[in-house]
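Structure file structure_3.txt; described as compact mmCIF, C-alpha atoms.
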```txt
# COMPACT_ATOMS: atom_id res chain seq x y z
CA MET A 1045 -22.39 28.55 5.47
CA ASN A 1046 -22.58 26.29 8.51
CA SER A 1047 -19.75 24.09 9.81
CA ARG A 1048 -21.56 20.90 8.80
CA SER A 1049 -21.63 21.66 5.05
CA GLN A 1050 -18.05 22.99 5.22
CA SER A 1051 -16.74 19.77 6.76
CA GLN A 1052 -18.50 17.62 4.13
CA ARG A 1053 -16.96 19.45 1.16
CA PHE A 1054 -13.54 18.93 -0.40
CA PRO A 1055 -11.19 21.92 -0.13
CA LEU A 1056 -10.87 23.87 -3.39
CA TRP A 1057 -7.28 22.79 -3.97
CA ALA A 1058 -8.30 19.12 -3.59
CA SER A 1059 -11.11 19.56 -6.13
CA LEU A 1060 -8.69 21.19 -8.59
CA TYR A 1061 -6.17 18.42 -8.03
CA LEU A 1062 -8.88 15.80 -8.65
CA ALA A 1063 -9.93 17.54 -11.89
CA LEU A 1064 -6.28 17.56 -13.02
CA THR A 1065 -5.99 13.87 -12.13
CA PHE A 1066 -9.03 13.00 -14.26
CA ALA A 1067 -7.53 15.00 -17.14
CA VAL A 1068 -4.25 13.04 -16.87
CA LEU A 1069 -6.21 9.77 -16.62
CA ALA A 1070 -8.04 10.70 -19.84
CA ILE A 1071 -4.74 11.48 -21.60
CA GLY A 1072 -3.32 8.18 -20.33
CA PHE A 1073 -6.30 6.27 -21.69
CA TYR A 1074 -6.05 8.04 -25.05
CA GLU A 1075 -2.32 7.32 -25.29
CA ALA A 1076 -2.92 3.66 -24.35
CA MET A 1077 -5.54 3.24 -27.07
CA THR A 1078 -3.57 5.05 -29.79
CA ALA A 1079 -0.13 3.52 -29.14
CA PRO A 1080 1.09 1.32 -32.01
CA LYS A 1081 -0.06 -2.30 -32.10
CA GLU A 1082 2.42 -4.82 -30.71
CA ALA A 1083 3.91 -7.25 -33.26
CA THR A 1084 3.12 -10.56 -31.55
CA MET A 1085 0.29 -9.82 -29.09
CA GLY A 1086 -1.69 -7.28 -31.10
CA ASN A 1087 -3.98 -5.14 -28.97
CA LEU A 1088 -3.84 -7.45 -25.96
CA TYR A 1089 -0.56 -5.87 -24.84
CA ARG A 1090 -2.47 -2.63 -24.06
CA ILE A 1091 -3.38 -4.25 -20.71
CA PHE A 1092 0.27 -3.54 -19.83
CA PHE A 1093 -0.43 0.22 -19.76
CA TYR A 1094 -2.70 -0.28 -16.74
CA HIS A 1095 -0.97 -3.35 -15.29
CA PHE A 1096 2.49 -1.77 -15.06
CA PRO A 1097 1.60 1.43 -13.11
CA HIS A 1098 -0.58 -0.46 -10.66
CA THR A 1099 2.09 -3.07 -10.02
CA ILE A 1100 4.86 -0.50 -9.57
CA LEU A 1101 2.71 1.60 -7.24
CA SER A 1102 1.72 -1.49 -5.26
CA PHE A 1103 5.46 -1.74 -4.44
CA VAL A 1104 5.58 1.90 -3.29
CA PHE A 1105 2.60 1.98 -0.89
CA PRO A 1106 3.98 -0.86 1.33
CA TYR A 1107 7.10 1.24 1.96
CA LEU A 1108 4.94 4.19 3.02
CA ASN A 1109 3.06 1.78 5.26
CA CYS A 1110 6.32 0.43 6.71
CA ALA A 1111 7.71 3.95 7.31
CA ALA A 1112 4.47 4.98 9.04
CA ALA A 1113 4.59 1.83 11.18
CA PHE A 1114 8.15 2.62 12.27
CA LEU A 1115 7.15 6.20 13.10
CA PHE A 1116 4.13 4.98 15.06
CA LEU A 1117 6.30 2.65 17.16
CA PHE A 1118 8.84 5.44 17.67
CA TRP A 1119 6.29 8.05 18.75
CA ARG A 1120 3.69 6.00 20.58
CA ARG A 1121 5.22 6.52 24.04
CA ASN A 1122 6.48 10.09 23.73
CA ASN A 1123 4.26 11.88 21.20
CA SER A 1124 0.73 10.52 21.01
CA GLN A 1125 -0.49 13.10 18.46
CA ARG A 1126 2.17 12.16 15.94
CA ALA A 1127 1.65 8.47 16.71
CA LEU A 1128 -2.05 8.80 15.83
CA LYS A 1129 -1.19 10.51 12.56
CA ALA A 1130 1.34 7.79 11.70
CA ASP A 1131 -1.23 5.09 12.48
CA ALA A 1132 -3.83 6.77 10.24
CA PHE A 1133 -1.29 7.03 7.42
CA ALA A 1134 -0.29 3.37 7.86
CA LEU A 1135 -3.92 2.28 7.51
CA ALA A 1136 -4.45 4.45 4.41
CA SER A 1137 -1.30 3.15 2.69
CA ALA A 1138 -2.17 -0.49 3.51
CA GLU A 1139 -5.61 -0.08 1.90
CA LEU A 1140 -3.99 1.43 -1.19
CA THR A 1141 -1.53 -1.48 -1.32
CA VAL A 1142 -4.40 -3.99 -1.34
CA LEU A 1143 -6.30 -1.98 -3.96
CA TYR A 1144 -3.36 -1.56 -6.34
CA ALA A 1145 -2.18 -5.15 -5.86
CA SER A 1146 -5.74 -6.38 -6.54
CA VAL A 1147 -5.71 -4.47 -9.82
CA GLY A 1148 -2.24 -5.84 -10.61
CA LEU A 1149 -3.43 -9.40 -9.97
CA ALA A 1150 -6.69 -8.99 -11.91
CA THR A 1151 -5.12 -7.39 -14.99
CA GLY A 1152 -2.24 -9.88 -14.91
CA MET A 1153 -4.61 -12.85 -14.80
CA LEU A 1154 -6.76 -11.45 -17.63
CA TRP A 1155 -3.62 -10.98 -19.74
CA GLY A 1156 -2.27 -14.43 -18.79
CA ARG A 1157 -5.47 -16.23 -19.78
CA ALA A 1158 -5.39 -14.65 -23.24
CA ALA A 1159 -1.60 -14.79 -23.78
CA TRP A 1160 -0.62 -18.06 -22.06
CA GLY A 1161 -3.97 -19.85 -22.03
CA ILE A 1162 -3.93 -20.10 -18.21
CA TRP A 1163 -5.28 -17.85 -15.48
CA TRP A 1164 -2.56 -18.65 -12.98
CA THR A 1165 0.75 -20.43 -12.47
CA TRP A 1166 2.88 -20.74 -9.36
CA ASP A 1167 5.88 -18.94 -10.77
CA ALA A 1168 8.17 -16.79 -8.61
CA ARG A 1169 6.65 -13.38 -9.41
CA LEU A 1170 3.02 -14.47 -9.22
CA THR A 1171 3.52 -16.40 -5.98
CA THR A 1172 5.42 -13.61 -4.18
CA TYR A 1173 2.89 -11.06 -5.48
CA LEU A 1174 -0.03 -13.12 -4.19
CA LEU A 1175 1.82 -13.37 -0.87
CA LEU A 1176 2.17 -9.56 -0.85
CA TRP A 1177 -1.57 -9.17 -1.40
CA LEU A 1178 -2.37 -11.74 1.32
CA LEU A 1179 -0.03 -10.02 3.81
CA TYR A 1180 -1.77 -6.66 3.42
CA VAL A 1181 -5.24 -8.21 3.44
CA SER A 1182 -4.24 -9.88 6.72
CA TYR A 1183 -2.99 -6.48 7.96
CA LEU A 1184 -6.42 -4.95 7.30
CA LEU A 1185 -8.19 -7.96 8.83
CA LEU A 1186 -5.99 -7.72 11.93
CA ARG A 1187 -6.97 -4.07 12.33
CA ARG A 1188 -10.63 -4.89 11.91
CA LEU A 1189 -10.71 -7.88 14.25
CA THR A 1190 -8.65 -6.50 17.15
CA ASN A 1191 -9.40 -3.66 19.52
CA GLY A 1192 -7.61 -1.50 22.02
CA GLU A 1193 -4.00 -0.36 22.07
CA GLN A 1194 -2.80 -3.77 20.86
CA LYS A 1195 -4.38 -3.16 17.46
CA ALA A 1196 -2.01 -0.42 16.33
CA VAL A 1197 1.10 -2.07 17.82
CA LEU A 1198 0.43 -5.51 16.33
CA SER A 1199 -0.46 -4.07 12.94
CA ALA A 1200 2.69 -1.90 12.95
CA VAL A 1201 4.85 -4.97 13.62
CA LEU A 1202 3.05 -6.89 10.88
CA ALA A 1203 3.57 -3.96 8.48
CA ILE A 1204 7.32 -4.04 9.04
CA PHE A 1205 7.51 -7.80 8.41
CA ALA A 1206 5.19 -7.58 5.38
CA ALA A 1207 7.42 -4.99 3.69
CA ILE A 1208 10.20 -7.61 3.50
CA ASP A 1209 8.24 -9.31 0.70
CA VAL A 1210 8.34 -6.20 -1.52
CA PRO A 1211 12.01 -6.33 -2.64
CA ILE A 1212 11.79 -10.13 -3.03
CA CYS A 1213 8.73 -9.74 -5.26
CA PHE A 1214 10.27 -6.86 -7.21
CA MET A 1215 13.51 -8.77 -7.85
CA SER A 1216 11.85 -12.16 -8.48
CA ILE A 1217 11.71 -11.65 -12.27
CA ARG A 1218 15.43 -10.81 -12.23
CA TRP A 1219 16.56 -13.58 -9.88
CA TRP A 1220 14.45 -16.43 -11.28
CA ARG A 1221 13.48 -16.66 -14.94
CA THR A 1222 10.16 -18.48 -14.84
CA GLN A 1223 6.79 -17.89 -16.55
CA HIS A 1224 6.35 -14.14 -15.96
CA PRO A 1225 7.80 -11.96 -18.77
CA ALA A 1226 11.25 -10.44 -18.17
CA PRO A 1227 11.36 -6.86 -16.85
CA VAL A 1228 10.50 -4.29 -19.51
CA PHE A 1229 12.52 -1.51 -17.88
CA GLY A 1230 15.99 -2.03 -16.38
CA GLY A 1231 16.10 -5.68 -17.37
CA GLY A 1232 19.32 -5.66 -19.37
CA ALA A 1233 20.25 -5.28 -23.02
CA ASP A 1234 17.18 -7.10 -24.37
CA SER A 1235 14.65 -5.13 -22.31
CA GLY A 1236 12.68 -2.00 -23.28
CA ILE A 1237 9.79 -1.16 -25.56
CA ASP A 1238 9.23 0.80 -28.74
CA PRO A 1239 9.79 4.53 -28.03
CA HIS A 1240 6.34 5.26 -29.54
CA MET A 1241 4.80 3.30 -26.67
CA LEU A 1242 6.63 5.23 -23.92
CA PRO A 1243 4.17 8.17 -23.69
CA ALA A 1244 1.35 5.73 -22.88
CA VAL A 1245 3.48 4.12 -20.15
CA PHE A 1246 4.47 7.37 -18.48
CA TRP A 1247 1.10 9.16 -18.77
CA ASN A 1248 -0.61 6.19 -17.16
CA LEU A 1249 2.06 5.91 -14.48
CA ALA A 1250 1.62 9.62 -13.69
CA ALA A 1251 -2.18 9.36 -13.77
CA TRP A 1252 -2.49 6.39 -11.42
CA ALA A 1253 0.17 7.86 -9.11
CA MET A 1254 -1.85 11.09 -8.92
CA TRP A 1255 -5.04 9.14 -8.27
CA GLY A 1256 -3.23 7.07 -5.64
CA ALA A 1257 -1.95 10.22 -3.90
CA PHE A 1258 -5.47 11.67 -3.87
CA THR A 1259 -7.12 8.55 -2.45
CA LEU A 1260 -4.29 8.13 0.06
CA GLY A 1261 -4.77 11.68 1.33
CA LEU A 1262 -8.55 11.33 1.46
CA ARG A 1263 -8.39 8.00 3.31
CA TYR A 1264 -5.91 9.52 5.77
CA ALA A 1265 -8.20 12.52 6.37
CA ILE A 1266 -11.20 10.21 6.98
CA GLU A 1267 -9.22 8.14 9.48
CA ARG A 1268 -8.06 11.31 11.28
CA ARG A 1269 -11.68 12.40 11.62
CA ARG A 1270 -12.60 8.96 12.96
CA GLN A 1271 -9.80 9.24 15.53
CA ARG A 1272 -11.38 12.47 16.80
CA GLU A 1273 -14.59 10.65 17.70
CA PRO A 1274 -14.94 10.12 21.46
CA GLY A 1275 -13.23 7.00 22.75
CA GLU A 1276 -11.25 6.33 19.56
CA ALA A 1277 -7.91 8.01 20.37
CA THR A 1278 -7.38 6.14 23.64
CA ALA A 1279 -7.94 2.86 21.79
CA VAL A 1280 -4.85 3.45 19.61
CA VAL A 1281 -2.12 4.83 21.87
CA PRO A 1282 -0.94 3.25 25.14
CA SER A 1283 -3.30 3.75 28.05
CA GLY A 1284 -0.41 4.62 30.36
CA VAL A 1285 0.21 7.89 28.53
CA PRO A 1286 -2.22 10.78 29.13
CA GLN A 1287 -4.41 11.06 26.02
CA PRO A 1288 -6.79 14.00 26.09
CA ILE A 1289 -9.12 13.17 23.19
CA LEU A 1290 -10.08 16.78 22.60
CA GLU A 1291 -6.47 17.61 21.77
CA VAL A 1292 -6.37 15.30 18.76
CA ARG A 1293 -5.62 17.53 15.78
CA MET B 1027 -17.55 0.27 -31.76
CA ILE B 1028 -15.55 -1.68 -29.17
CA PRO B 1029 -13.98 -4.86 -30.65
CA PHE B 1030 -15.31 -7.79 -28.64
CA SER B 1031 -15.18 -10.85 -30.91
CA THR B 1032 -11.96 -12.62 -29.81
CA LEU B 1033 -10.80 -13.71 -26.36
CA SER B 1034 -7.95 -11.16 -26.47
CA GLU B 1035 -10.30 -8.30 -27.29
CA ARG B 1036 -12.76 -9.31 -24.58
CA HIS B 1037 -10.02 -9.60 -21.97
CA LEU B 1038 -8.65 -6.19 -22.93
CA VAL B 1039 -12.09 -4.66 -22.32
CA TYR B 1040 -12.55 -6.64 -19.09
CA ALA B 1041 -9.14 -5.49 -17.80
CA TYR B 1042 -9.86 -1.80 -18.37
CA CYS B 1043 -13.37 -2.10 -16.92
CA ALA B 1044 -12.05 -4.02 -13.88
CA VAL B 1045 -9.54 -1.24 -13.18
CA TRP B 1046 -12.17 1.49 -13.41
CA ILE B 1047 -14.68 -0.43 -11.29
CA LEU B 1048 -12.13 -1.19 -8.54
CA GLN B 1049 -10.51 2.26 -8.49
CA PHE B 1050 -13.57 4.45 -8.89
CA GLY B 1051 -15.62 2.13 -6.68
CA TYR B 1052 -13.06 2.69 -3.93
CA GLY B 1053 -13.09 6.43 -4.70
CA ALA B 1054 -16.89 6.52 -4.41
CA TRP B 1055 -16.74 4.61 -1.10
CA LEU B 1056 -14.20 7.15 0.19
CA ALA B 1057 -16.45 10.03 -0.89
CA VAL B 1058 -19.35 8.50 1.06
CA GLN B 1059 -17.13 7.99 4.12
CA TRP B 1060 -15.90 11.58 3.83
CA ARG B 1061 -19.45 12.93 3.82
CA ARG B 1062 -20.42 10.71 6.75
CA SER B 1063 -17.39 11.71 8.79
CA GLY B 1064 -18.08 15.36 7.92
CA ARG B 1065 -21.67 14.99 9.12
CA ASN B 1066 -20.40 13.53 12.41
CA ALA B 1067 -17.84 16.34 12.74
CA GLY B 1068 -20.56 18.94 11.98
CA ASN B 1069 -22.91 17.42 14.54
CA LYS B 1070 -20.11 17.40 17.14
CA LYS B 1071 -19.33 21.08 16.51
CA THR B 1072 -23.02 22.00 16.70
CA THR B 1073 -23.35 20.11 20.00
CA GLU B 1074 -20.24 21.79 21.42
CA GLN B 1075 -21.48 25.23 20.36
CA SER B 1076 -24.96 24.73 21.87
CA GLY B 1077 -23.50 23.17 25.03
```
Can you present the structure in this file as structure tokens?
Amino acid sequence: MNSRSQSQRFPLWASLYLALTFAVLAIGFYEAMTAPKEATMGNLYRIFFYHFPHTILSFVFPYLNCAAAFLFLFWRRNNSQRALKADAFALASAELTVLYASVGLATGMLWGRAAWGIWWTWDARLTTYLLLWLLYVSYLLLRRLTNGEQKAVLSAVLAIFAAIDVPICFMSIRWWRTQHPAPVFGGGADSGIDPHMLPAVFWNLAAWAMWGAFTLGLRYAIERRRQREPGEATAVVPSGVPQPILEVR
Amino acid sequence: MIPFSTLSERHLVYAYCAVWILQFGYGAWLAVQWRRSGRNAGNKKTTEQSG
């Protein structure tokens, strides 16, 4: 087998992990479709089984992005190899944030149109969530539209500021009671759902977390390969530090 | 048979389809990028070996 076909294939463990992820996704879908009907919303509430995991995970990826940004800034002058890895991870986690937040917005709007009769309202959760999405879209645009060593530094600073919106957005439905439904989990004495619905919630949370971990790892690996291309590594780390491209691992 | 007669039923189907299209569309794009980057890496190795 030549090196070209080897480098285009997934490793065996990644293929097995992907197969397991699809199996968990299938179980999650089955559980979502067979969970008992909700008393007031009927079948419409089943959107929640996909909306909830995507929204929760869209609050996790920004923290990974923020941690990677901090590590990039910490390492960029004294350990260029680690700095490159942190930058690749920051990009991957920002893309996943935009993807999961897009799904959260889309499923939320589809539910809102059927449940409330409106696609959108400027309530606290929706507004801060849209702001979160815009911040990470702007992060990706910044990376695309800038070049040179400034790109990674500016995007790392933006990532740290953008992460401030995450706790505000998460707590918005606890601090301000506006249009968005109250928190289902950890929202006080009146919160919670029927125990028969819990398997659907947790299987789908596990499934989309597994899928997110797979796509995060794959996106990171692709970015690491791109960094190995000639001329790419010196564009990310400061030019004052010796950066032998061939040593990028 | 997928229920599709009321607005609620349609939006339930749209929501699930939107999730699959966005997620697996992104997954497919990543798979293409992976193959492309692997081709570039393979070409680079072949060039280094012949050089």
Write down, as a PyMOL selection string, each residue of chain B that has any atom within 8 Å of an atom of chain A, counting only C-alpha atoms. chain B and resi 1033-1035+1037-1038+1040-1042+1044-1045+1048-1049+1053+1056+1059-1065+1067-1069+1071-1072
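Going from atom CA of Gly1161 of chain A over to atom CA of Pro1225 of chain A, you cover 14.5 Å.
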Please compute the atom CA of Trp1219 of chain A-atom CA of Trp1164 of chain A distance, one decimal, in Å. 20.0 Å
Identify, on the basis of only C-alpha atoms, every residue whose closest approach to Pro1243 of chain A does not exceed 9 Å; exclude the query and any residue fewer than 3 positions from it along the same chain; express the result as a short mmCIF file (atom, residue, chain, number, x, y, z; two decimals) with C-alpha atoms, in the coordinates of the input.
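So out.cif came out as:
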```cif
data_model
loop_
_atom_site.label_atom_id
_atom_site.label_comp_id
_atom_site.auth_asym_id
_atom_site.auth_seq_id
_atom_site.Cartn_x
_atom_site.Cartn_y
_atom_site.Cartn_z
CA GLY A 1072 -3.32 8.18 -20.33
CA GLU A 1075 -2.32 7.32 -25.29
CA ALA A 1076 -2.92 3.66 -24.35
CA ALA A 1079 -0.13 3.52 -29.14
CA PRO A 1239 9.79 4.53 -28.03
CA HIS A 1240 6.34 5.26 -29.54
CA PHE A 1246 4.47 7.37 -18.48
CA TRP A 1247 1.10 9.16 -18.77
CA ASN A 1248 -0.61 6.19 -17.16
#
```
Atomic separation - atom CA of Thr1099 of chain A relative to atom CA of Pro1029 of chain B, Å: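 A separation of 26.2 Å between them.
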When you look at segment 1060-1070 of chain A with a cut-off of 6 Å (counting only C-alpha atoms), what residues show up, excluding the ones that are within fewer than 3 positions of it in the same chain? I need them as a PyMOL selection string. chain A and resi 1057+1073+1251+1254
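Counting all atoms listed in the file, the residue from A:Lys1081, A:Arg1169, A:His1224, A:Arg1120 that sits nearest to Ala1196 of chain A is A:Arg1120.
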Env of Cys1110 of chain A: 7 Å cut, atoms = all atoms listed in the file, seq-sep filter 3 positions within chain, self excluded. Answer as number ranges by chain. A: 1106-1107, 1113-1114, 1203-1204, 1207
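Residue neighbourhood of Ala1134 of chain A, excluding near-sequence residues (fewer than 2 positions): Asn1109, Ala1112, Ala1113, Ala1130, Asp1131, Ala1132, Ala1136, Ser1137 and Ala1138 of chain A, at 7 Å, using all atoms listed in the file.
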Residues proximal to (11.8, -6.8, -14.1) were defined as those with any atom within 7 Å of that point in the file's coordinates, counting only C-alpha atoms. Which are they, as a ChimeraX atom specification? /A:1215,1217-1218,1226-1231
